[in-house]
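**Student:** My file is final-v5.pdb. It has PDB, C-alpha atoms, pLDDT in the B column:
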ATOM      1  CA  MET A   1     -13.306 -51.477 -75.296  1.00 31.00           C
ATOM      2  CA  GLU A   2     -15.370 -52.433 -78.356  1.00 31.00           C
ATOM      3  CA  PHE A   3     -12.413 -51.827 -80.668  1.00 30.00           C
ATOM      4  CA  ALA A   4     -10.163 -53.931 -78.409  1.00 34.00           C
ATOM      5  CA  ARG A   5     -12.633 -56.833 -78.647  1.00 36.00           C
ATOM      6  CA  VAL A   6     -12.749 -56.522 -82.439  1.00 34.00           C
ATOM      7  CA  CYS A   7      -8.934 -56.498 -82.600  1.00 40.00           C
ATOM      8  CA  SER A   8      -8.720 -59.581 -80.421  1.00 41.00           C
ATOM      9  CA  ARG A   9     -11.301 -61.437 -82.515  1.00 42.00           C
ATOM     10  CA  HIS A  10      -9.531 -60.697 -85.808  1.00 44.00           C
ATOM     11  CA  MET A  11      -6.071 -61.461 -84.394  1.00 45.00           C
ATOM     12  CA  ASP A  12      -7.272 -64.976 -83.510  1.00 47.00           C
ATOM     13  CA  PHE A  13      -7.647 -65.725 -87.242  1.00 48.00           C
ATOM     14  CA  ILE A  14      -4.261 -64.434 -88.364  1.00 57.00           C
ATOM     15  CA  ARG A  15      -1.905 -67.089 -89.744  1.00 58.00           C
ATOM     16  CA  PRO A  16       1.598 -65.571 -89.528  1.00 56.00           C
ATOM     17  CA  GLU A  17       3.115 -68.159 -91.867  1.00 60.00           C
ATOM     18  CA  LEU A  18       0.906 -66.858 -94.710  1.00 70.00           C
ATOM     19  CA  ILE A  19       1.928 -63.202 -94.346  1.00 75.00           C
ATOM     20  CA  PRO A  20       4.664 -62.203 -96.851  1.00 83.00           C
ATOM     21  CA  ASP A  21       7.781 -60.596 -95.392  1.00 83.00           C
ATOM     22  CA  PRO A  22       7.382 -57.457 -97.573  1.00 88.00           C
ATOM     23  CA  THR A  23       3.906 -56.964 -96.088  1.00 88.00           C
ATOM     24  CA  VAL A  24       5.273 -57.122 -92.552  1.00 85.00           C
ATOM     25  CA  ARG A  25       7.961 -54.571 -93.451  1.00 87.00           C
ATOM     26  CA  ARG A  26       5.353 -52.269 -94.963  1.00 92.00           C
ATOM     27  CA  MET A  27       3.287 -52.455 -91.773  1.00 90.00           C
ATOM     28  CA  SER A  28       6.176 -50.721 -90.004  1.00 90.00           C
ATOM     29  CA  LEU A  29       6.181 -48.048 -92.714  1.00 93.00           C
ATOM     30  CA  TYR A  30       2.427 -47.605 -92.357  1.00 93.00           C
ATOM     31  CA  LEU A  31       2.775 -47.203 -88.613  1.00 92.00           C
ATOM     32  CA  ARG A  32       5.435 -44.506 -88.884  1.00 93.00           C
ATOM     33  CA  GLN A  33       3.454 -42.545 -91.463  1.00 95.00           C
ATOM     34  CA  LEU A  34       0.248 -42.834 -89.470  1.00 94.00           C
ATOM     35  CA  GLU A  35       2.055 -41.494 -86.414  1.00 94.00           C
ATOM     36  CA  VAL A  36       3.105 -38.503 -88.536  1.00 95.00           C
ATOM     37  CA  PHE A  37      -0.518 -38.016 -89.596  1.00 95.00           C
ATOM     38  CA  ARG A  38      -1.648 -38.106 -85.967  1.00 94.00           C
ATOM     39  CA  THR A  39       0.993 -35.559 -84.967  1.00 94.00           C
ATOM     40  CA  ASP A  40      -0.324 -33.331 -87.752  1.00 94.00           C
ATOM     41  CA  GLY A  41      -3.812 -33.601 -86.257  1.00 93.00           C
ATOM     42  CA  ARG A  42      -5.360 -35.825 -88.903  1.00 92.00           C
ATOM     43  CA  VAL A  43      -8.260 -37.951 -87.595  1.00 92.00           C
ATOM     44  CA  THR A  44      -8.971 -40.191 -90.595  1.00 91.00           C
ATOM     45  CA  VAL A  45      -6.983 -41.283 -93.636  1.00 92.00           C
ATOM     46  CA  SER A  46      -7.862 -43.173 -96.810  1.00 91.00           C
ATOM     47  CA  SER A  47      -5.869 -46.029 -98.332  1.00 90.00           C
ATOM     48  CA  LYS A  48      -5.064 -43.703-101.252  1.00 92.00           C
ATOM     49  CA  GLN A  49      -3.667 -41.005 -98.956  1.00 93.00           C
ATOM     50  CA  LEU A  50      -1.639 -43.526 -96.965  1.00 94.00           C
ATOM     51  CA  GLY A  51      -0.328 -45.160-100.134  1.00 94.00           C
ATOM     52  CA  GLU A  52       0.609 -41.890-101.832  1.00 95.00           C
ATOM     53  CA  SER A  53       2.555 -40.756 -98.774  1.00 95.00           C
ATOM     54  CA  LEU A  54       4.744 -43.857 -99.095  1.00 95.00           C
ATOM     55  CA  GLY A  55       4.887 -44.216-102.882  1.00 94.00           C
ATOM     56  CA  LEU A  56       2.472 -47.178-102.878  1.00 95.00           C
ATOM     57  CA  THR A  57      -0.865 -47.781-104.556  1.00 95.00           C
ATOM     58  CA  ASP A  58      -4.085 -47.758-102.562  1.00 91.00           C
ATOM     59  CA  ALA A  59      -4.654 -51.326-103.788  1.00 93.00           C
ATOM     60  CA  GLN A  60      -1.365 -52.409-102.190  1.00 94.00           C
ATOM     61  CA  VAL A  61      -2.318 -50.771 -98.895  1.00 92.00           C
ATOM     62  CA  ARG A  62      -5.718 -52.489 -98.826  1.00 89.00           C
ATOM     63  CA  LYS A  63      -4.185 -55.855 -99.753  1.00 89.00           C
ATOM     64  CA  ASP A  64      -1.606 -55.606 -96.978  1.00 89.00           C
ATOM     65  CA  LEU A  65      -4.174 -54.683 -94.358  1.00 84.00           C
ATOM     66  CA  THR A  66      -6.554 -57.513 -95.278  1.00 82.00           C
ATOM     67  CA  TYR A  67      -4.026 -60.028 -93.931  1.00 78.00           C
ATOM     68  CA  PHE A  68      -4.835 -58.682 -90.487  1.00 72.00           C
ATOM     69  CA  GLY A  69      -8.624 -58.519 -90.652  1.00 68.00           C
ATOM     70  CA  SER A  70     -11.058 -55.748 -91.456  1.00 66.00           C
ATOM     71  CA  PHE A  71      -9.793 -52.170 -91.334  1.00 64.00           C
ATOM     72  CA  GLY A  72     -11.734 -48.960 -91.923  1.00 62.00           C
ATOM     73  CA  GLN A  73     -15.159 -48.256 -93.390  1.00 65.00           C
ATOM     74  CA  PRO A  74     -16.084 -47.688 -97.059  1.00 61.00           C
ATOM     75  CA  GLY A  75     -16.403 -43.982 -97.815  1.00 64.00           C
ATOM     76  CA  VAL A  76     -15.049 -43.021 -94.409  1.00 71.00           C
ATOM     77  CA  GLY A  77     -11.493 -44.363 -94.433  1.00 82.00           C
ATOM     78  CA  TYR A  78      -9.427 -45.425 -91.483  1.00 85.00           C
ATOM     79  CA  SER A  79      -9.474 -43.891 -88.034  1.00 88.00           C
ATOM     80  CA  VAL A  80      -5.844 -42.895 -87.517  1.00 91.00           C
ATOM     81  CA  ASP A  81      -5.909 -43.674 -83.780  1.00 91.00           C
ATOM     82  CA  GLU A  82      -7.590 -47.038 -84.262  1.00 88.00           C
ATOM     83  CA  ILE A  83      -5.372 -48.228 -87.079  1.00 87.00           C
ATOM     84  CA  ILE A  84      -2.256 -47.217 -85.112  1.00 90.00           C
ATOM     85  CA  THR A  85      -3.536 -49.256 -82.175  1.00 88.00           C
ATOM     86  CA  ARG A  86      -4.263 -52.199 -84.450  1.00 85.00           C
ATOM     87  CA  ILE A  87      -0.916 -52.160 -86.266  1.00 86.00           C
ATOM     88  CA  ARG A  88       1.004 -51.777 -83.007  1.00 87.00           C
ATOM     89  CA  ARG A  89      -0.786 -54.864 -81.731  1.00 85.00           C
ATOM     90  CA  VAL A  90       0.014 -56.732 -84.947  1.00 81.00           C
ATOM     91  CA  LEU A  91       3.695 -55.793 -84.666  1.00 84.00           C
ATOM     92  CA  GLY A  92       3.817 -56.472 -80.930  1.00 83.00           C
ATOM     93  CA  THR A  93       4.877 -52.923 -80.083  1.00 84.00           C
ATOM     94  CA  ASP A  94       1.842 -52.371 -77.891  1.00 87.00           C
ATOM     95  CA  LYS A  95       3.818 -53.907 -75.026  1.00 89.00           C
ATOM     96  CA  THR A  96       7.305 -53.426 -73.588  1.00 93.00           C
ATOM     97  CA  TRP A  97      10.098 -55.765 -74.721  1.00 95.00           C
ATOM     98  CA  ASN A  98      13.238 -55.480 -72.612  1.00 97.00           C
ATOM     99  CA  ALA A  99      16.378 -55.809 -74.720  1.00 97.00           C
ATOM    100  CA  ILE A 100      20.050 -56.417 -74.080  1.00 97.00           C
ATOM    101  CA  LEU A 101      23.022 -55.205 -76.100  1.00 97.00           C
ATOM    102  CA  VAL A 102      26.031 -57.469 -76.599  1.00 97.00           C
ATOM    103  CA  GLY A 103      29.096 -55.571 -77.747  1.00 96.00           C
ATOM    104  CA  ALA A 104      30.200 -52.283 -76.169  1.00 95.00           C
ATOM    105  CA  GLY A 105      32.458 -51.134 -78.997  1.00 93.00           C
ATOM    106  CA  ASN A 106      31.918 -48.104 -81.213  1.00 93.00           C
ATOM    107  CA  LEU A 107      28.753 -49.458 -82.844  1.00 93.00           C
ATOM    108  CA  GLY A 108      27.369 -50.631 -79.522  1.00 94.00           C
ATOM    109  CA  ARG A 109      27.934 -47.220 -77.960  1.00 94.00           C
ATOM    110  CA  ALA A 110      26.177 -45.553 -80.865  1.00 93.00           C
ATOM    111  CA  LEU A 111      23.189 -47.877 -80.501  1.00 93.00           C
ATOM    112  CA  LEU A 112      23.007 -47.127 -76.780  1.00 93.00           C
ATOM    113  CA  SER A 113      22.775 -43.430 -77.585  1.00 90.00           C
ATOM    114  CA  TYR A 114      19.874 -43.999 -79.976  1.00 90.00           C
ATOM    115  CA  GLY A 115      16.574 -43.199 -78.284  1.00 84.00           C
ATOM    116  CA  GLY A 116      14.386 -44.925 -80.844  1.00 87.00           C
ATOM    117  CA  PHE A 117      14.463 -48.330 -79.149  1.00 90.00           C
ATOM    118  CA  GLU A 118      12.997 -47.066 -75.893  1.00 89.00           C
ATOM    119  CA  ALA A 119      10.513 -44.839 -77.707  1.00 84.00           C
ATOM    120  CA  LYS A 120       9.149 -47.954 -79.422  1.00 85.00           C
ATOM    121  CA  GLY A 121       8.862 -49.905 -76.176  1.00 88.00           C
ATOM    122  CA  MET A 122      12.149 -51.813 -76.513  1.00 93.00           C
ATOM    123  CA  PRO A 123      14.467 -50.347 -73.860  1.00 94.00           C
ATOM    124  CA  ILE A 124      18.028 -51.658 -73.626  1.00 96.00           C
ATOM    125  CA  VAL A 125      18.158 -52.776 -70.005  1.00 96.00           C
ATOM    126  CA  ALA A 126      21.633 -54.357 -69.895  1.00 96.00           C
ATOM    127  CA  VAL A 127      24.939 -54.314 -71.795  1.00 97.00           C
ATOM    128  CA  PHE A 128      27.484 -57.123 -72.135  1.00 97.00           C
ATOM    129  CA  ASP A 129      31.011 -57.414 -73.473  1.00 96.00           C
ATOM    130  CA  ALA A 130      33.728 -60.068 -73.510  1.00 94.00           C
ATOM    131  CA  SER A 131      36.540 -57.565 -72.914  1.00 94.00           C
ATOM    132  CA  GLU A 132      37.741 -57.314 -69.327  1.00 93.00           C
ATOM    133  CA  ASN A 133      38.718 -53.713 -70.044  1.00 93.00           C
ATOM    134  CA  LYS A 134      35.094 -52.804 -70.696  1.00 95.00           C
ATOM    135  CA  VAL A 135      33.366 -54.844 -67.991  1.00 96.00           C
ATOM    136  CA  GLY A 136      32.345 -52.600 -65.108  1.00 95.00           C
ATOM    137  CA  ALA A 137      32.404 -49.429 -67.212  1.00 94.00           C
ATOM    138  CA  THR A 138      29.305 -47.256 -67.440  1.00 93.00           C
ATOM    139  CA  ILE A 139      27.997 -46.355 -70.903  1.00 92.00           C
ATOM    140  CA  ALA A 140      24.923 -44.152 -71.337  1.00 90.00           C
ATOM    141  CA  GLY A 141      23.955 -44.881 -67.755  1.00 90.00           C
ATOM    142  CA  ARG A 142      24.307 -48.651 -68.056  1.00 92.00           C
ATOM    143  CA  THR A 143      26.976 -50.836 -66.468  1.00 94.00           C
ATOM    144  CA  VAL A 144      28.731 -53.272 -68.800  1.00 96.00           C
ATOM    145  CA  HIS A 145      28.382 -56.867 -67.603  1.00 97.00           C
ATOM    146  CA  ALA A 146      30.650 -59.833 -68.269  1.00 97.00           C
ATOM    147  CA  MET A 147      29.349 -62.515 -70.640  1.00 96.00           C
ATOM    148  CA  SER A 148      29.364 -64.965 -67.744  1.00 96.00           C
ATOM    149  CA  GLU A 149      26.482 -62.960 -66.252  1.00 97.00           C
ATOM    150  CA  LEU A 150      24.339 -63.154 -69.372  1.00 97.00           C
ATOM    151  CA  LYS A 151      21.806 -65.742 -68.231  1.00 96.00           C
ATOM    152  CA  SER A 152      21.350 -64.430 -64.702  1.00 97.00           C
ATOM    153  CA  VAL A 153      20.999 -60.792 -65.769  1.00 97.00           C
ATOM    154  CA  CYS A 154      18.592 -61.611 -68.616  1.00 97.00           C
ATOM    155  CA  GLU A 155      16.399 -63.588 -66.253  1.00 96.00           C
ATOM    156  CA  ALA A 156      16.484 -60.869 -63.602  1.00 96.00           C
ATOM    157  CA  MET A 157      15.658 -58.138 -66.128  1.00 96.00           C
ATOM    158  CA  HIS A 158      13.078 -60.250 -67.997  1.00 96.00           C
ATOM    159  CA  ALA A 159      14.915 -59.528 -71.260  1.00 97.00           C
ATOM    160  CA  LYS A 160      13.466 -61.140 -74.386  1.00 96.00           C
ATOM    161  CA  LEU A 161      15.358 -59.328 -77.164  1.00 97.00           C
ATOM    162  CA  ALA A 162      19.059 -59.082 -77.940  1.00 97.00           C
ATOM    163  CA  ILE A 163      21.000 -56.672 -80.146  1.00 97.00           C
ATOM    164  CA  LEU A 164      24.339 -58.040 -81.350  1.00 96.00           C
ATOM    165  CA  ALA A 165      27.101 -55.558 -82.158  1.00 95.00           C
ATOM    166  CA  VAL A 166      30.066 -57.922 -81.948  1.00 95.00           C
ATOM    167  CA  PRO A 167      32.811 -58.857 -84.452  1.00 93.00           C
ATOM    168  CA  ALA A 168      31.828 -61.470 -87.028  1.00 92.00           C
ATOM    169  CA  GLU A 169      34.191 -64.069 -85.589  1.00 94.00           C
ATOM    170  CA  ALA A 170      32.500 -63.882 -82.177  1.00 94.00           C
ATOM    171  CA  ALA A 171      28.876 -63.622 -83.320  1.00 95.00           C
ATOM    172  CA  GLN A 172      27.937 -67.318 -83.470  1.00 96.00           C
ATOM    173  CA  GLU A 173      29.517 -68.080 -80.102  1.00 95.00           C
ATOM    174  CA  VAL A 174      27.521 -65.244 -78.541  1.00 95.00           C
ATOM    175  CA  ALA A 175      24.346 -66.233 -80.379  1.00 95.00           C
ATOM    176  CA  ALA A 176      24.548 -69.759 -78.967  1.00 95.00           C
ATOM    177  CA  GLN A 177      24.220 -68.336 -75.445  1.00 96.00           C
ATOM    178  CA  LEU A 178      21.071 -66.302 -76.112  1.00 96.00           C
ATOM    179  CA  ALA A 179      18.300 -68.908 -76.254  1.00 95.00           C
ATOM    180  CA  PRO A 180      19.377 -70.572 -72.974  1.00 95.00           C
ATOM    181  CA  ALA A 181      19.234 -67.093 -71.402  1.00 96.00           C
ATOM    182  CA  GLY A 182      15.585 -66.707 -72.432  1.00 96.00           C
ATOM    183  CA  ILE A 183      16.102 -64.484 -75.474  1.00 97.00           C
ATOM    184  CA  LYS A 184      13.327 -64.842 -78.081  1.00 96.00           C
ATOM    185  CA  GLY A 185      14.428 -62.378 -80.762  1.00 95.00           C
ATOM    186  CA  VAL A 186      17.778 -61.129 -82.098  1.00 96.00           C
ATOM    187  CA  LEU A 187      18.709 -58.042 -84.096  1.00 95.00           C
ATOM    188  CA  ASN A 188      22.115 -58.860 -85.546  1.00 95.00           C
ATOM    189  CA  PHE A 189      24.444 -56.053 -86.663  1.00 94.00           C
ATOM    190  CA  SER A 190      27.311 -58.479 -87.233  1.00 91.00           C
ATOM    191  CA  PRO A 191      28.045 -59.479 -90.855  1.00 87.00           C
ATOM    192  CA  ALA A 192      28.137 -63.124 -89.746  1.00 90.00           C
ATOM    193  CA  ARG A 193      25.403 -65.559 -90.769  1.00 91.00           C
ATOM    194  CA  LEU A 194      23.935 -66.911 -87.533  1.00 93.00           C
ATOM    195  CA  SER A 195      22.438 -70.280 -86.704  1.00 93.00           C
ATOM    196  CA  LEU A 196      19.733 -70.031 -84.036  1.00 94.00           C
ATOM    197  CA  PRO A 197      16.987 -72.341 -82.768  1.00 93.00           C
ATOM    198  CA  PRO A 198      13.666 -71.988 -84.640  1.00 92.00           C
ATOM    199  CA  THR A 199      12.153 -70.562 -81.449  1.00 92.00           C
ATOM    200  CA  VAL A 200      14.370 -67.463 -81.763  1.00 95.00           C
ATOM    201  CA  ALA A 201      13.416 -64.801 -84.330  1.00 93.00           C
ATOM    202  CA  LEU A 202      16.354 -63.306 -86.229  1.00 94.00           C
ATOM    203  CA  GLN A 203      16.774 -60.102 -88.228  1.00 91.00           C
ATOM    204  CA  SER A 204      20.190 -59.140 -89.590  1.00 91.00           C
ATOM    205  CA  VAL A 205      21.379 -55.660 -90.539  1.00 89.00           C
ATOM    206  CA  ASP A 206      24.507 -55.778 -92.718  1.00 83.00           C
ATOM    207  CA  LEU A 207      25.578 -52.128 -92.964  1.00 83.00           C
ATOM    208  CA  ALA A 208      28.235 -52.827 -95.593  1.00 84.00           C
ATOM    209  CA  MET A 209      25.690 -54.630 -97.761  1.00 82.00           C
ATOM    210  CA  GLN A 210      23.266 -51.731 -97.439  1.00 82.00           C
ATOM    211  CA  LEU A 211      25.999 -49.327 -98.544  1.00 87.00           C
ATOM    212  CA  GLU A 212      26.726 -51.585-101.527  1.00 86.00           C
ATOM    213  CA  GLN A 213      23.079 -51.214-102.538  1.00 85.00           C
ATOM    214  CA  VAL A 214      23.480 -47.442-102.331  1.00 88.00           C
ATOM    215  CA  THR A 215      26.646 -47.441-104.460  1.00 90.00           C
ATOM    216  CA  PHE A 216      24.886 -49.666-107.004  1.00 85.00           C
ATOM    217  CA  GLN A 217      22.048 -47.155-107.301  1.00 85.00           C
ATOM    218  CA  VAL A 218      24.526 -44.262-107.597  1.00 89.00           C
ATOM    219  CA  SER A 219      26.447 -46.095-110.334  1.00 86.00           C
ATOM    220  CA  LEU A 220      23.236 -47.016-112.148  1.00 81.00           C
ATOM    221  CA  ASN A 221      21.989 -43.427-112.070  1.00 83.00           C
ATOM    222  CA  ALA A 222      25.328 -42.167-113.393  1.00 82.00           C
ATOM    223  CA  MET A 223      25.281 -44.683-116.253  1.00 79.00           C
ATOM    224  CA  THR A 224      21.698 -43.786-117.096  1.00 80.00           C
ATOM    225  CA  ARG A 225      22.555 -40.081-117.301  1.00 76.00           C
ATOM    226  CA  ALA A 226      25.541 -40.908-119.495  1.00 73.00           C
ATOM    227  CA  GLY A 227      23.426 -43.055-121.789  1.00 70.00           C
ATOM    228  CA  VAL A 228      25.358 -46.235-120.936  1.00 61.00           C
ATOM    229  CA  ARG A 229      23.409 -49.497-120.945  1.00 60.00           C
ATOM    230  CA  HIS A 230      23.834 -51.331-117.642  1.00 53.00           C
ATOM    231  CA  PRO A 231      24.990 -54.948-118.023  1.00 55.00           C
TER     232      PRO A 231
END
Taking this structure as input, can you express it in the form of structure tokens?

**Tutor:**
Amino acid sequence: MEFARVCSRHMDFIRPELIPDPTVRRMSLYLRQLEVFRTDGRVTVSSKQLGESLGLTDAQVRKDLTYFGSFGQPGVGYSVDEIITRIRRVLGTDKTWNAILVGAGNLGRALLSYGGFEAKGMPIVAVFDASENKVGATIAGRTVHAMSELKSVCEAMHAKLAILAVPAEAAQEVAAQLAPAGIKGVLNFSPARLSLPPTVALQSVDLAMQLEQVTFQVSLNAMTRAGVRHP
């Protein structure tokens, strides 16, 4: 109870607009590594140990955590359980966020089979598709709904998140229907650049772009081994 009160007090002073995006991304990395530490039976961890496990400096770890208040005790380190609780609250994963999936194609089916969303408190509670051939089908235990049912189903299921796995040419049209349906956050797997109201959070995952980054690194490594100067 005491720790919960401390968390609440510090969270009141957080100004999200001042937190750099890289820091927010690293908080997710910290959380995953801390969960590994807990599984291994570790009770406390220092900023140096946490940083080394992720290829970061202890100074970077401490700087990131100071955006969210006071963590740990000098000479003692961080309580693994407490810092996990704190970071989950910071990231909002201490509560359940019902999500919908729009797009029941190959990518959508793969995402439905992924158990990580539910494990992190973001279960996919409904699936939608514009194809009449797919509407009514059952995929991974979920019935595919028509797009015309989007608003009513989202409201009934109290869905706040949406995962888009639709073709680029359909992405913006689908995105325009999300805010009126009560959706507050979108994870976009379409390569399209979306325009959404400022009240809707957006994160895009361009798989082709990510692969291009991989091929760049492969090419760079090959040139380095061959002694070729990269342009």

**Student:** Could you spell out the hits of the PyMOL selection byres ((chain A and resi 115-122) around 8) on the shown file, as a PyMOL selection string?

**Tutor:** chain A and resi 93-99+112-114+123-124

**Student:** Hey, what comes out of the PyMOL selection byres ((chain A and resi 174-183) around 9) on this file? Could you write it as a list in words?

**Tutor:**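 Selected by the PyMOL selection byres ((chain A and resi 174-183) around 9) here: Ala99, Val102, Met147, Leu150, Lys151, Ser152, Val153, Cys154, Glu155, His158, Ala159, Lys160, Leu161, Ala162, Leu164, Val166, Ala170, Ala171, Gln172, Glu173, Lys184, Gly185, Val186, Leu194, Ser195, Leu196, Pro197, Thr199 and Val200 of chain A.
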
**Student:** Figure out the distance between CA of Leu111 (chain A) and CA of Lys134 (chain A), please, to one decimal in Å.

**Tutor:**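 Answer for the CA of Lys134 (chain A) to CA of Leu111 (chain A) separation: 16.2 Å.
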
**Student:** What is the distance, in Å and to one decimal place, between CA of Gly103 (chain A) and CA of Phe128 (chain A)?

**Tutor:**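 Going from CA of Gly103 (chain A) over to CA of Phe128 (chain A), I get 6.0 Å.
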
**Student:** Distance table requested - region 66-129 of chain A against region 18-38 of chain A, cut-off 10 Å, all atoms listed in the file: one row per qualifying residue with the closest atom pair and its distance in Å to one decimal, ordered by chain and rising residue number, as CSV.

**Tutor:**
residue,atom,partner,partner_atom,distance
A:Tyr67,CA,A:Ile19,CA,6.8
A:Phe68,CA,A:Ile19,CA,9.0
A:Ser79,CA,A:Leu34,CA,9.9
A:Val80,CA,A:Leu34,CA,6.4
A:Asp81,CA,A:Arg38,CA,7.3
A:Ile83,CA,A:Leu34,CA,8.1
A:Ile84,CA,A:Leu31,CA,6.1
A:Thr85,CA,A:Leu31,CA,9.2
A:Arg86,CA,A:Leu31,CA,9.6
A:Ile87,CA,A:Leu31,CA,6.6
A:Arg88,CA,A:Leu31,CA,7.4
A:Val90,CA,A:Met27,CA,8.7
A:Leu91,CA,A:Ser28,CA,7.8

**Student:** Rank A:Ser148, A:Thr39, A:Thr44, A:Thr66 by their smallest atom-to-atom distance to Tyr78 (chain A), using all atoms listed in the file, and report the top residue only.

**Tutor:**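 Once distances to Tyr78 (chain A) are computed over all atoms listed in the file, the minimum belongs to A:Thr44.
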
**Student:** Nearest to Gln60 (chain A): which of A:Met157, A:Gly92, A:Lys48, A:Leu207 is it, counting only C-alpha atoms?

**Tutor:**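 Closest to Gln60 (chain A) of all the choices is A:Lys48.
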
**Student:** Between A:Ala156, A:Gly136, A:Asn106, A:Ser47, which residue has the minimum interatomic distance to Val76 (chain A), considering all atoms listed in the file?

**Tutor:** A:Ser47

**Student:** Could you check which of A:Arg193, A:Leu50, A:Gly105, A:Arg142 is closest to Asp129 (chain A), using all atoms listed in the file?

**Tutor:** A:Gly105

**Student:** Ranking A:Val205, A:Val144, A:Ile163, A:Leu187 by minimum distance to Ile100 (chain A) and counting only C-alpha atoms, which one comes first?

**Tutor:** A:Ile163

**Student:** Using all atoms of region 125-139 of chain A listed in the file and a margin of 4 Å per side, can you give the axis-aligned box centre and edge lengths in Å to one decimal, as lines of an AutoDock Vina configuration file?

**Tutor:**
center_x = 28.4
center_y = -53.2
center_z = -69.3
size_x = 28.6
size_y = 21.7
size_z = 16.4

**Student:** Find the distance between CA of Ala192 (chain A) and CA of Ala168 (chain A) and write it in Å to one decimal.

**Tutor:**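 According to the coordinates, CA of Ala192 (chain A) and CA of Ala168 (chain A) are separated by 4.9 Å.
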
**Student:** Pick from A:Val218, A:Ala165, A:Val61, A:Ala226: nearest to Leu101 (chain A), with all atoms listed in the file counted?

**Tutor:**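 Result for the nearest residue to Leu101 (chain A): A:Ala165.
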
**Student:** Using the chain letters and residue numbers of this document, give as a ChimeraX atom specification the residues selected by the PyMOL selection byres ((chain A and resi 206) around 8).

**Tutor:** /A:189-191,204-205,207-210

**Student:** Got time to write the residues from that selection, C-alpha atoms, as a compact mmCIF listing (two decimals), keeping the file's coordinate frame?

**Tutor:**
# COMPACT_ATOMS: atom_id res chain seq x y z
CA PHE A 189 24.44 -56.05 -86.66
CA SER A 190 27.31 -58.48 -87.23
CA PRO A 191 28.04 -59.48 -90.86
CA SER A 204 20.19 -59.14 -89.59
CA VAL A 205 21.38 -55.66 -90.54
CA LEU A 207 25.58 -52.13 -92.96
CA ALA A 208 28.24 -52.83 -95.59
CA MET A 209 25.69 -54.63 -97.76
CA GLN A 210 23.27 -51.73 -97.44

**Student:** Extract region 120-135 of chain A from the coordinates I pasted, and write it as an mmCIF file, in the first residue's frame (atoms kept: N, CA and C atoms).

**Tutor:**
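Writing done, so here's selection_0.cif:
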data_model
loop_
_atom_site.group_PDB
_atom_site.id
_atom_site.type_symbol
_atom_site.label_atom_id
_atom_site.label_comp_id
_atom_site.auth_asym_id
_atom_site.auth_seq_id
_atom_site.Cartn_x
_atom_site.Cartn_y
_atom_site.Cartn_z
ATOM 1 N N LYS A 120 0.348 -9.389 -22.101
ATOM 2 C CA LYS A 120 0.652 -8.040 -21.648
ATOM 3 C C LYS A 120 -0.602 -7.244 -21.308
ATOM 4 N N GLY A 121 -1.743 -7.922 -21.207
ATOM 5 C CA GLY A 121 -2.967 -7.237 -20.820
ATOM 6 C C GLY A 121 -3.664 -6.511 -21.942
ATOM 7 N N MET A 122 -3.400 -6.938 -23.202
ATOM 8 C CA MET A 122 -4.035 -6.304 -24.363
ATOM 9 C C MET A 122 -4.686 -7.370 -25.246
ATOM 10 N N PRO A 123 -5.699 -8.054 -24.744
ATOM 11 C CA PRO A 123 -6.330 -9.123 -25.522
ATOM 12 C C PRO A 123 -7.058 -8.592 -26.748
ATOM 13 N N ILE A 124 -6.968 -9.329 -27.854
ATOM 14 C CA ILE A 124 -7.741 -8.990 -29.051
ATOM 15 C C ILE A 124 -9.137 -9.575 -28.872
ATOM 16 N N VAL A 125 -10.112 -8.717 -28.691
ATOM 17 C CA VAL A 125 -11.464 -9.177 -28.355
ATOM 18 C C VAL A 125 -12.394 -9.248 -29.560
ATOM 19 N N ALA A 126 -11.987 -8.683 -30.700
ATOM 20 C CA ALA A 126 -12.849 -8.736 -31.887
ATOM 21 C C ALA A 126 -11.998 -8.551 -33.144
ATOM 22 N N VAL A 127 -12.464 -9.138 -34.242
ATOM 23 C CA VAL A 127 -11.765 -9.072 -35.529
ATOM 24 C C VAL A 127 -12.727 -8.547 -36.581
ATOM 25 N N PHE A 128 -12.199 -7.706 -37.492
ATOM 26 C CA PHE A 128 -13.028 -7.117 -38.540
ATOM 27 C C PHE A 128 -12.342 -7.256 -39.895
ATOM 28 N N ASP A 129 -13.158 -7.347 -40.939
ATOM 29 C CA ASP A 129 -12.623 -7.393 -42.292
ATOM 30 C C ASP A 129 -13.679 -6.886 -43.257
ATOM 31 N N ALA A 130 -13.208 -6.271 -44.353
ATOM 32 C CA ALA A 130 -14.133 -5.723 -45.351
ATOM 33 C C ALA A 130 -14.593 -6.769 -46.357
ATOM 34 N N SER A 131 -13.937 -7.929 -46.390
ATOM 35 C CA SER A 131 -14.273 -8.957 -47.365
ATOM 36 C C SER A 131 -15.483 -9.781 -46.904
ATOM 37 N N GLU A 132 -16.478 -9.867 -47.759
ATOM 38 C CA GLU A 132 -17.655 -10.668 -47.434
ATOM 39 C C GLU A 132 -17.300 -12.143 -47.290
ATOM 40 N N ASN A 133 -16.237 -12.567 -47.966
ATOM 41 C CA ASN A 133 -15.829 -13.969 -47.890
ATOM 42 C C ASN A 133 -15.255 -14.329 -46.519
ATOM 43 N N LYS A 134 -14.785 -13.332 -45.794
ATOM 44 C CA LYS A 134 -14.181 -13.586 -44.494
ATOM 45 C C LYS A 134 -15.133 -13.330 -43.329
ATOM 46 N N VAL A 135 -16.107 -12.456 -43.542
ATOM 47 C CA VAL A 135 -17.062 -12.132 -42.481
ATOM 48 C C VAL A 135 -17.847 -13.384 -42.091
#
